[in-house]
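Please read the structure below before turning to the comments.
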Amino acid sequence: MDAFSIDKLGNIRVNNSAILDRENTRSIKCQVYAVEINTTEKHQSNSTMITIQVTDVNDNNPEFKNTSYLFNVTDNSKVIGKVHADDADSNKTTNGKVTYDIIQGRGNYTKLFQINSSSGEISKRSAEWTRCVHLPRYIDIYVTASDNPSASSMKRKSTVQVSVDIRTNLCPPTILQYGDNKSNQTVLISLQEDYKIGSNVTSFQVKDEDPDPDLTCKITKNDTFSLEKKENRIWLIQLIKPLDREQKKHYNLTVTASDTKHETWLRFDITIEDINDNAPVFTQSNYSLSINEETTKPNITTVQAKDSDSGENATIKYKLIPSKWSSYFHIDPNSGKINLNKTIDRETMGSLGILELTVVAEDGGKPSRNSTALITIKINDINDNVPEFCNDGQTLEFTFNELDTKKDFYTAKATDKDADDHDGILFALVNETSSFSITKGVLSIKSRLKKTDAGVLMIVTYNNRPYAKELSNKTQKISIKVQDINDNIPNFNQTGYQISVKENTAVGSMLLSVTATDADWSEEYGSVYYWISSGNTDRHFFINQLNGSVYLADNVDYEKRTNYNLTITASDYKDRKFSNHSAYTTLNITVQDVNDESPKFADNCLQICKVKENTTGSFNCKVNATDHDRSKQFHHVTYQMVPSSGSSQNHFKINKTSGEISVWTALDYDAGDHDFNLTVKASDSIHSSTCTLSIIVEDVDDTPPTFQKTMYYFHVSENQPAGTLVGQVKAEDKDSSSLKYQLETSDQNQTFQLNATTGQITTRLSLDREKKQSYSLHVAVHDSHGNKATKRAIVNVTVLDVNDNRPNFGGTLLTYNTSEGSTSKNLKISFTATDLDIGNNGNVTYTMRDDYDSLFKMNSTDPGVILIVKELRHDAKGIPINSDGKAVYTLNVVATDHGEPQLSSIATINIYVSDVNDCSPEFEKLNMTATIMEGSVKGFSVYRVTATDCDYDPQNRNLTYSINGTDKEYFSIKKEVHGDMQDGIVKLTKPISVINKEIYKVNVTVSDGKNSNQTLLTVTVKDVNDHDPIFTQKKYNFNVSENDSDGNRSMNAFVGKVNANDKDKHSSIVYRIVTSDVENLFNVTQDGVIHLIGVVDHDSCSSHQFSFSVVAEDGGSPKRMNFTEVVVTIIDKNDNYPKFKRVSYAGSIKENSRNGTPVFIVSTIYTTFYITNILRTTEKKNYK
């Protein structure tokens, strides 16, 4: 097919636009000649040469030489690299001129670079590379190459990915300790001088925001501490030599981290602390005293202890070990003075009346050391108790019915703690009334009860024995309640009620209130309830059951009913079915009439009345309306005509009483009086209604001209010159042969003109079908006498189409928004190009220039729709990212019509693809482990968790951390943001111990709001010696037999065993006796067994007891200890012989005394008795 064609008028048109390509052919020469068509010779003219210049249009995209680029950037480089693209369009100043720009890539790193728009040279923005910024190893940016057509809507562009390898060192190292930045700071550390060799002193982590930094770390030279590197750039400082505070109290260590260009330091100021190794010693191990009960007394005794240590380790504080009686006393923690602050009741102490206090003297060392002393106090008894009720004086409640009579209902009981007062307890009523009395504790009703008897009775108990101090007798409250009985009926305050109600009263209005009262005084029997018991069959009224208010429940209508008689019941029972106590009253309601009905027209409102022209007066046309109000003053109706904009007011009138309509002035049909619409209003002075009548005027004898046709149809092509013949109309008149035609039109443009004599219609303007495709003309004709045709001719002119319009998209840029992934396939990309032409001239076909490697395709069954074949990705290679962070796919759609010649237009469709949250957060490290020391406090940083999310949108990679698992109560996690990193700092929520276990496990979850991941964090707690050993008893009592009289004993005789527990893990406990005066009598083994190792004699020991302290000491560092008291009672053995006071005795007796006469020597007699007794009860031995 040739590129051009020529028609018979010499018009040259483009025949095949696909052949025209400015880049291949700049001009085309054509030889043109003319040939006769209406002759048989068909002579041909000479030819002429026409040169047609092909002008350039922007139909080529810029093309990069490479599909992608990789450049390196270092600290010293200014220029990074250069990209280049060519555009095949020939006009290198517009369509073929290429300019470059950088568009948004992932991570918002575009601001780091700039590009020369002409040369494509990419360089660093100097200001952005002077500060420390966290950068990845590789950064992808996108460069666009755009041409520069004169019409911006025709601009074309291409995009290429540029990957930048970051090899800079912008950031100095950062030293972190427990998640906090400690760079170039000093940290204070305290160590006790017994700190173990090989233990970790502290730790820190070194980080650098530069990609792949080369980090080293060193410590100041010393022989006491070492630096050891662990995984994840964590460093430990360890003790490698024993500490001695007396030789050196302070160490200053500096750690330096380097990345070959920058250095960062952290200084540790380490202080060595003293330890406590002496316990206080009391000047006495036991104190004894006596005091009276029910008294307080300052400084009942003073205890004193001494400590061989110095400084805080020798500062002694005194305290009482908690016991049953310790809260009654106060000890001055500094002086040791003991005060009796609370009175002691002797009756609560048992038969002996003796109490014991244990005083602890504790020094100020850490951990502290202590010792104890025993204080024995005897409490002297006094007479100090009153009788007390057995039920502790609680208020008792009794309920009786009104009118209840005599009966016993309660017996009071009381006791007296003093032994001599049990049988002398008496009772009395404090507020004795005529209705109640008490005898020997028995409370009784004396007479019938009434409402006023309700209240509180007060019983007092007492005895006649004088008290040792001023005391108040105890009382017992008895609450008396009297219940009402239902013995009264309600009573109305009126026997009947009378009211009037207008029929237009609003529903819900309160009409009146009725009132009845009940003499019963309780709420149950004295409350009154109301209801309408008769006369309310149509439910026009409603009564409030609680307050007797009567309301209008439904509209009342005077025209239907004028009076209501209601019966109202009042009852003291809410349920009317079970009510026995009721009263009644009547309510008479009169309905008052109001004007509430509108006049209504009869069916003749819709009638059509006819009247002949040129007549006046009545013409049998009448309306009628009625009003349904019953009162005479409300149903009288009058009539009047409603004014209108027409001339009906000038021609008609109405009788205001009868409603009859008559002609006021004569009507002329030929003058245009053909028909009238009259509106009549009927009114009762307040309400009104209207009726519309149609009055037709009948013509009188007339003979006008008539057209041959009443409807004409003509056609004319658009774009024809003015004066083009459209068609001709014709009319006939029997009365006249001279007719004049007239075009009746309101067209101000006067598109057509009419020949008044011939009836020919021609154009006055060139027609445009797209503006108006048809016209309807009204043509009138009249004869020479002025008589017009009764009907006008209607001329319909249709404008024929010519292909003079291109398809129009309504705009050169269409936009769509979607999200990446499966959602994008649901996007329907629809567009419409409209062609104002019709037929083939307006039939549009669509084609697509670029489908992104079959990612898009045209819908074969639904033109104007592009289908997405594969899922759109936000991170697709080569797809640019705009300033809003959306990936932009650009499609060029061509719309071509089927006219002759074919016309087309191009639209650009931009599809903006939003990032969706389809990436799950990923932990930098799974199954994390951490180690902390026992006793770490709340808020201590345990571990830094690092996770990343590959989504582009910051909202989709906004991470949150949480902790769960069996040990979650000990830990919390809080997000910390620095640069693009979102770490989770795990901290302690409360102090942690190894008492329960040494390993704690929690699950750490990271979420971006939709997707989540989980890993395990295992925290190992290293034990710290932070618990004192605790004895199972505060005091141990043992018994042991004394030695034989000759000193014989069993070696290491068993006395008893003490036992202490330590909550610290892996703790070993040793025991020792700390009371020096018994060390030669007792010893204790490492497992707490006490043995008697010395000689003890019950007869030479005044108290027959030995009291000493045993200390339990653990093996921790520093050591911790605790004390207990051991009391050993010496049991007597029969290990002594009787002894005569003298070696010989002298006595006298009369001679010849009878056998059996005693010799009066008292000592000998007693001695003989005891010897006899001993001989009977002991083993046989030789006695003298």
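We name chains A, B, ... following the order of the structure tokens; residues begin at 1 in each chain, and ligands are numbered from 1 as shown.
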| task | Would you mind listing what lies within 9 Å of Asp593 in chain A as a VMD selection string, with only C-alpha atoms counted and same-chain residues fewer than 2 positions away left out? | result | chain A and resid 502 to 504 557 to 559 562 591 595 to 596 629 to 631
Using only C-alpha atoms, what does the table of range 310-365 of chain A residues within 10 Å of range 266-285 of chain A look like, with each row giving the shortest atom pair and its distance in Å to one decimal, sorted by chain and ascending number, as CSV?
residue,atom,partner,partner_atom,distance
A:Ser310,CA,A:Asn276,CA,9.3
A:Glu312,CA,A:Asn276,CA,9.1
A:Asn313,CA,A:Asn276,CA,5.8
A:Ala314,CA,A:Pro280,CA,7.8
A:Thr315,CA,A:Pro280,CA,9.2
A:Ile316,CA,A:Pro280,CA,7.3
A:Lys317,CA,A:Pro280,CA,9.7
A:Val359,CA,A:Phe282,CA,9.6
A:Val360,CA,A:Pro280,CA,9.2
A:Ala361,CA,A:Pro280,CA,6.2
A:Glu362,CA,A:Pro280,CA,6.6
A:Asp363,CA,A:Pro280,CA,6.6
A:Gly364,CA,A:Asn276,CA,8.5
A:Gly365,CA,A:Asn276,CA,5.2
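Excluding Asp1008 in chain A itself and any same-chain residue fewer than 2 positions from it, the protein and nucleic acid residues within 8 Å of it, counting only C-alpha atoms, are Asn917, Ser920, Pro921, Asp949, Asn956, Arg957, Asn958, Leu959, Thr960, Val1006, Lys1010, Asn1011 and Ser1012 of chain A.
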| request: Just the residues within 12 Å of Ser327 in chain A, please, counting only C-alpha atoms, with nothing from its chain fewer than 2 positions along; format it as a ChimeraX atom specification. | output: /A:319-325,329-331,338-344,357
| Nearest-residue call for Asn650 in chain A, choices A:Asp518, A:Leu667, A:Asn486, A:Ser1109, using only C-alpha atoms | A:Leu667
| task | Can you work out which one of A:Ile240, A:Asp208, A:Glu294, A:Asp223 has the shortest atom-to-atom distance to Lys261 in chain A, counting only C-alpha atoms? | result | A:Asp208
| field | A:Asn232, A:Thr55, A:Asn11, A:Ser226 ranked by distance to Tyr943 in chain A, top pick (using only C-alpha atoms) | value |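 Comparing A:Asn232, A:Thr55, A:Asn11, A:Ser226 against Tyr943 in chain A, the winner is A:Asn232.
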| task | Taking the DSSP assignment computed from this structure's backbone, write out as JSON, numbers by chain all residues of range 353-488 of chain A that belong to strand (DSSP E). | result | {"A": [354, 355, 356, 357, 358, 359, 360, 361, 362, 363, 370, 371, 372, 373, 374, 375, 376, 377, 378, 379, 380, 388, 389, 396, 397, 398, 399, 400, 401, 407, 408, 409, 410, 411, 414, 415, 426, 427, 428, 429, 436, 437, 438, 439, 442, 443, 444, 445, 455, 456, 457, 458, 459, 460, 461, 462, 475, 476, 477, 478, 479, 480, 481, 482, 483]}
Output file for the residues above (C-alpha atoms, as a PDB file, in the first residue's frame):
ATOM      1  CA  ILE A 354       8.235 -15.217 131.649  1.00  0.00           C
ATOM      2  CA  LEU A 355       9.229 -13.946 128.175  1.00  0.00           C
ATOM      3  CA  GLU A 356      12.528 -13.985 126.312  1.00  0.00           C
ATOM      4  CA  LEU A 357      14.010 -11.527 123.820  1.00  0.00           C
ATOM      5  CA  THR A 358      16.979 -12.140 121.546  1.00  0.00           C
ATOM      6  CA  VAL A 359      19.112  -9.097 120.748  1.00  0.00           C
ATOM      7  CA  VAL A 360      21.260  -9.031 117.614  1.00  0.00           C
ATOM      8  CA  ALA A 361      24.336  -6.856 117.348  1.00  0.00           C
ATOM      9  CA  GLU A 362      25.161  -6.361 113.647  1.00  0.00           C
ATOM     10  CA  ASP A 363      28.101  -4.480 112.222  1.00  0.00           C
ATOM     11  CA  ASN A 370      26.396 -10.403 113.919  1.00  0.00           C
ATOM     12  CA  SER A 371      26.050 -12.059 117.328  1.00  0.00           C
ATOM     13  CA  THR A 372      23.164 -12.452 119.807  1.00  0.00           C
ATOM     14  CA  ALA A 373      22.364 -12.109 123.549  1.00  0.00           C
ATOM     15  CA  LEU A 374      19.348 -13.446 125.509  1.00  0.00           C
ATOM     16  CA  ILE A 375      17.166 -11.216 127.730  1.00  0.00           C
ATOM     17  CA  THR A 376      14.814 -12.994 130.236  1.00  0.00           C
ATOM     18  CA  ILE A 377      11.944 -10.845 131.617  1.00  0.00           C
ATOM     19  CA  LYS A 378       9.412 -11.849 134.344  1.00  0.00           C
ATOM     20  CA  ILE A 379       5.973 -10.092 134.099  1.00  0.00           C
ATOM     21  CA  ASN A 380       4.230  -9.370 137.435  1.00  0.00           C
ATOM     22  CA  GLU A 388     -16.512  -9.665 128.321  1.00  0.00           C
ATOM     23  CA  PHE A 389     -19.409 -10.937 126.258  1.00  0.00           C
ATOM     24  CA  LEU A 396     -27.261  -9.061 117.236  1.00  0.00           C
ATOM     25  CA  GLU A 397     -30.412  -8.515 115.193  1.00  0.00           C
ATOM     26  CA  PHE A 398     -33.925  -9.777 115.992  1.00  0.00           C
ATOM     27  CA  THR A 399     -37.006  -9.192 113.830  1.00  0.00           C
ATOM     28  CA  PHE A 400     -40.602  -9.274 115.168  1.00  0.00           C
ATOM     29  CA  ASN A 401     -44.017  -8.612 113.701  1.00  0.00           C
ATOM     30  CA  LYS A 407     -41.711 -14.016 125.121  1.00  0.00           C
ATOM     31  CA  ASP A 408     -38.008 -14.653 125.948  1.00  0.00           C
ATOM     32  CA  PHE A 409     -35.780 -14.364 122.924  1.00  0.00           C
ATOM     33  CA  TYR A 410     -32.114 -14.037 123.965  1.00  0.00           C
ATOM     34  CA  THR A 411     -29.746 -15.059 126.820  1.00  0.00           C
ATOM     35  CA  ALA A 414     -19.977 -13.245 129.457  1.00  0.00           C
ATOM     36  CA  THR A 415     -16.612 -14.350 130.903  1.00  0.00           C
ATOM     37  CA  LEU A 426     -24.143  -9.365 136.251  1.00  0.00           C
ATOM     38  CA  PHE A 427     -26.263  -7.919 133.343  1.00  0.00           C
ATOM     39  CA  ALA A 428     -28.499  -4.863 132.969  1.00  0.00           C
ATOM     40  CA  LEU A 429     -30.296  -2.881 130.197  1.00  0.00           C
ATOM     41  CA  PHE A 436     -38.319  -5.071 126.972  1.00  0.00           C
ATOM     42  CA  SER A 437     -36.612  -6.297 130.192  1.00  0.00           C
ATOM     43  CA  ILE A 438     -33.591  -8.466 131.190  1.00  0.00           C
ATOM     44  CA  THR A 439     -33.344 -10.889 134.143  1.00  0.00           C
ATOM     45  CA  VAL A 442     -32.467 -13.363 129.720  1.00  0.00           C
ATOM     46  CA  LEU A 443     -33.933 -10.672 127.436  1.00  0.00           C
ATOM     47  CA  SER A 444     -37.786 -10.667 127.105  1.00  0.00           C
ATOM     48  CA  ILE A 445     -40.714  -8.819 125.451  1.00  0.00           C
ATOM     49  CA  GLY A 455     -34.205   0.433 117.593  1.00  0.00           C
ATOM     50  CA  VAL A 456     -31.121  -0.708 119.521  1.00  0.00           C
ATOM     51  CA  LEU A 457     -31.095  -2.143 123.065  1.00  0.00           C
ATOM     52  CA  MET A 458     -27.839  -1.906 125.041  1.00  0.00           C
ATOM     53  CA  ILE A 459     -26.898  -4.665 127.551  1.00  0.00           C
ATOM     54  CA  VAL A 460     -24.041  -3.954 130.011  1.00  0.00           C
ATOM     55  CA  THR A 461     -22.078  -6.644 131.919  1.00  0.00           C
ATOM     56  CA  TYR A 462     -20.212  -5.876 135.145  1.00  0.00           C
ATOM     57  CA  THR A 475     -21.784  -3.594 126.335  1.00  0.00           C
ATOM     58  CA  GLN A 476     -23.773  -5.722 123.896  1.00  0.00           C
ATOM     59  CA  LYS A 477     -25.985  -4.152 121.211  1.00  0.00           C
ATOM     60  CA  ILE A 478     -29.293  -5.824 120.317  1.00  0.00           C
ATOM     61  CA  SER A 479     -30.892  -4.481 117.109  1.00  0.00           C
ATOM     62  CA  ILE A 480     -34.709  -4.756 117.193  1.00  0.00           C
ATOM     63  CA  LYS A 481     -36.705  -4.586 113.960  1.00  0.00           C
ATOM     64  CA  VAL A 482     -40.515  -4.445 113.883  1.00  0.00           C
ATOM     65  CA  GLN A 483     -42.205  -5.546 110.658  1.00  0.00           C
TER      66      GLN A 483
END
| Neighbours of Gln205 in chain A within 10 Å (only C-alpha atoms; same-chain residues fewer than 3 positions away dropped), as a list in words? |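 Once the nearby chain positions are removed, what remains is Thr174, Ile175, Leu176, Gln177, Tyr178, Gly179, Asp180, Asn181, Lys182, Lys229, Lys230, Glu231, Asn232, Arg233, Ile234, Trp235 and Leu236 of chain A.
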| request: With a distance cut-off of 8 Å and only C-alpha atoms, select the neighbouring residues of Asp953 in chain A, excluding the residue or stretch itself and same-chain residues fewer than 4 positions from it, and output the selection as a list in words. | output: Gly885, Asp915, Val916 and Arg957 of chain A
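Checking A:Pro242, A:Pro367, A:Pro1138, A:Gly336 one by one against Ser1117 in chain A, counting only C-alpha atoms, you find the shortest gap at A:Pro367.
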| request: Rounded to one decimal place, report the CA of Met49 in chain A-CA of Glu900 in chain A distance in Å. | output: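 For CA of Met49 in chain A relative to CA of Glu900 in chain A, the distance reads 25.0 Å.
Going from CA of Gln1033 in chain A over to CA of Asn286 in chain A, you cover 18.8 Å.
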| request: Using only C-alpha atoms, pick whichever of A:Asp332, A:Asp87, A:Lys740, A:Val501 has the shortest atom-to-atom distance to Asn299 in chain A. | output: A:Asp332
Close residues, Asp875 in chain A itself excluded, 12 Å, only C-alpha atoms, min 5 positions apart in chain, as a PDB file with N, CA and C atoms, in the first residue's frame:
ATOM      1  N   GLY A 105      14.843   5.189  44.948  1.00  0.00           N
ATOM      2  CA  GLY A 105      15.076   3.745  45.024  1.00  0.00           C
ATOM      3  C   GLY A 105      14.728   3.227  46.410  1.00  0.00           C
ATOM      4  N   ARG A 106      15.137   2.003  46.727  1.00  0.00           N
ATOM      5  CA  ARG A 106      14.840   1.426  48.040  1.00  0.00           C
ATOM      6  C   ARG A 106      15.737   2.055  49.114  1.00  0.00           C
ATOM      7  N   GLY A 107      15.107   2.313  50.298  1.00  0.00           N
ATOM      8  CA  GLY A 107      15.884   2.775  51.440  1.00  0.00           C
ATOM      9  C   GLY A 107      16.107   4.273  51.486  1.00  0.00           C
ATOM     10  N   ASP A 140      20.960   0.261  45.611  1.00  0.00           N
ATOM     11  CA  ASP A 140      20.412   0.320  44.246  1.00  0.00           C
ATOM     12  C   ASP A 140      19.690   1.644  44.063  1.00  0.00           C
ATOM     13  N   ILE A 141      20.099   2.395  43.015  1.00  0.00           N
ATOM     14  CA  ILE A 141      19.376   3.600  42.637  1.00  0.00           C
ATOM     15  C   ILE A 141      18.910   3.419  41.197  1.00  0.00           C
ATOM     16  N   TYR A 142      17.986   4.255  40.780  1.00  0.00           N
ATOM     17  CA  TYR A 142      17.426   4.145  39.441  1.00  0.00           C
ATOM     18  C   TYR A 142      17.590   5.472  38.709  1.00  0.00           C
ATOM     19  N   GLN A 161      18.853   0.352  36.298  1.00  0.00           N
ATOM     20  CA  GLN A 161      19.278   0.164  37.692  1.00  0.00           C
ATOM     21  C   GLN A 161      20.782   0.352  37.811  1.00  0.00           C
ATOM     22  N   SER A 819      -1.847  -2.558  44.930  1.00  0.00           N
ATOM     23  CA  SER A 819      -0.810  -3.090  45.809  1.00  0.00           C
ATOM     24  C   SER A 819      -0.134  -4.261  45.118  1.00  0.00           C
ATOM     25  N   GLU A 820       1.117  -4.490  45.467  1.00  0.00           N
ATOM     26  CA  GLU A 820       1.856  -5.569  44.838  1.00  0.00           C
ATOM     27  C   GLU A 820       1.291  -6.930  45.243  1.00  0.00           C
ATOM     28  N   GLY A 821       1.701  -7.957  44.493  1.00  0.00           N
ATOM     29  CA  GLY A 821       1.290  -9.310  44.841  1.00  0.00           C
ATOM     30  C   GLY A 821      -0.013  -9.702  44.181  1.00  0.00           C
ATOM     31  N   PRO A 880      11.011   2.070  38.184  1.00  0.00           N
ATOM     32  CA  PRO A 880      11.383   3.213  39.030  1.00  0.00           C
ATOM     33  C   PRO A 880      10.435   3.358  40.215  1.00  0.00           C
ATOM     34  N   ILE A 881      10.942   4.024  41.273  1.00  0.00           N
ATOM     35  CA  ILE A 881      10.166   4.325  42.469  1.00  0.00           C
ATOM     36  C   ILE A 881       9.967   5.839  42.525  1.00  0.00           C
ATOM     37  N   GLY A 885       7.198   6.656  47.134  1.00  0.00           N
ATOM     38  CA  GLY A 885       7.607   5.288  47.461  1.00  0.00           C
ATOM     39  C   GLY A 885       6.856   4.224  46.689  1.00  0.00           C
ATOM     40  N   LYS A 886       6.219   4.580  45.580  1.00  0.00           N
ATOM     41  CA  LYS A 886       5.461   3.605  44.805  1.00  0.00           C
ATOM     42  C   LYS A 886       6.217   3.275  43.516  1.00  0.00           C
ATOM     43  N   ALA A 887       6.163   1.979  43.113  1.00  0.00           N
ATOM     44  CA  ALA A 887       6.749   1.565  41.843  1.00  0.00           C
ATOM     45  C   ALA A 887       5.818   2.010  40.709  1.00  0.00           C
ATOM     46  N   VAL A 888       6.431   2.508  39.594  1.00  0.00           N
ATOM     47  CA  VAL A 888       5.627   3.082  38.522  1.00  0.00           C
ATOM     48  C   VAL A 888       5.820   2.259  37.248  1.00  0.00           C
ATOM     49  N   TYR A 889       4.730   1.635  36.760  1.00  0.00           N
ATOM     50  CA  TYR A 889       4.700   0.960  35.467  1.00  0.00           C
ATOM     51  C   TYR A 889       4.002   1.912  34.474  1.00  0.00           C
ATOM     52  N   VAL A 913       2.219   1.083  42.029  1.00  0.00           N
ATOM     53  CA  VAL A 913       2.142  -0.149  42.815  1.00  0.00           C
ATOM     54  C   VAL A 913       2.712   0.129  44.205  1.00  0.00           C
ATOM     55  N   SER A 914       1.862  -0.030  45.210  1.00  0.00           N
ATOM     56  CA  SER A 914       2.283   0.194  46.592  1.00  0.00           C
ATOM     57  C   SER A 914       2.902  -1.073  47.163  1.00  0.00           C
ATOM     58  N   ASP A 915       3.857  -0.841  48.016  1.00  0.00           N
ATOM     59  CA  ASP A 915       4.462  -1.956  48.748  1.00  0.00           C
ATOM     60  C   ASP A 915       3.441  -2.535  49.725  1.00  0.00           C
ATOM     61  N   VAL A 916       3.370  -3.862  49.849  1.00  0.00           N
ATOM     62  CA  VAL A 916       2.515  -4.513  50.843  1.00  0.00           C
ATOM     63  C   VAL A 916       3.388  -5.262  51.829  1.00  0.00           C
ATOM     64  N   ASP A 918       4.528  -8.098  52.862  1.00  0.00           N
ATOM     65  CA  ASP A 918       4.623  -9.518  52.515  1.00  0.00           C
ATOM     66  C   ASP A 918       5.957 -10.134  52.929  1.00  0.00           C
ATOM     67  N   CYS A 919       6.750  -9.367  53.636  1.00  0.00           N
ATOM     68  CA  CYS A 919       8.012  -9.901  54.151  1.00  0.00           C
ATOM     69  C   CYS A 919       7.884 -10.091  55.660  1.00  0.00           C
ATOM     70  N   CYS A 950      12.381  -6.857  54.957  1.00  0.00           N
ATOM     71  CA  CYS A 950      12.754  -6.466  53.609  1.00  0.00           C
ATOM     72  C   CYS A 950      11.698  -5.618  52.911  1.00  0.00           C
ATOM     73  N   ASP A 951      10.536  -5.348  53.569  1.00  0.00           N
ATOM     74  CA  ASP A 951       9.530  -4.500  52.936  1.00  0.00           C
ATOM     75  C   ASP A 951      10.070  -3.084  52.756  1.00  0.00           C
ATOM     76  N   TYR A 952       9.544  -2.378  51.696  1.00  0.00           N
ATOM     77  CA  TYR A 952      10.031  -1.037  51.376  1.00  0.00           C
ATOM     78  C   TYR A 952       9.342   0.025  52.234  1.00  0.00           C
ATOM     79  N   ASP A 953       8.020  -0.066  52.329  1.00  0.00           N
ATOM     80  CA  ASP A 953       7.247   0.953  53.035  1.00  0.00           C
ATOM     81  C   ASP A 953       7.616   0.924  54.517  1.00  0.00           C
TER      82      ASP A 953
END
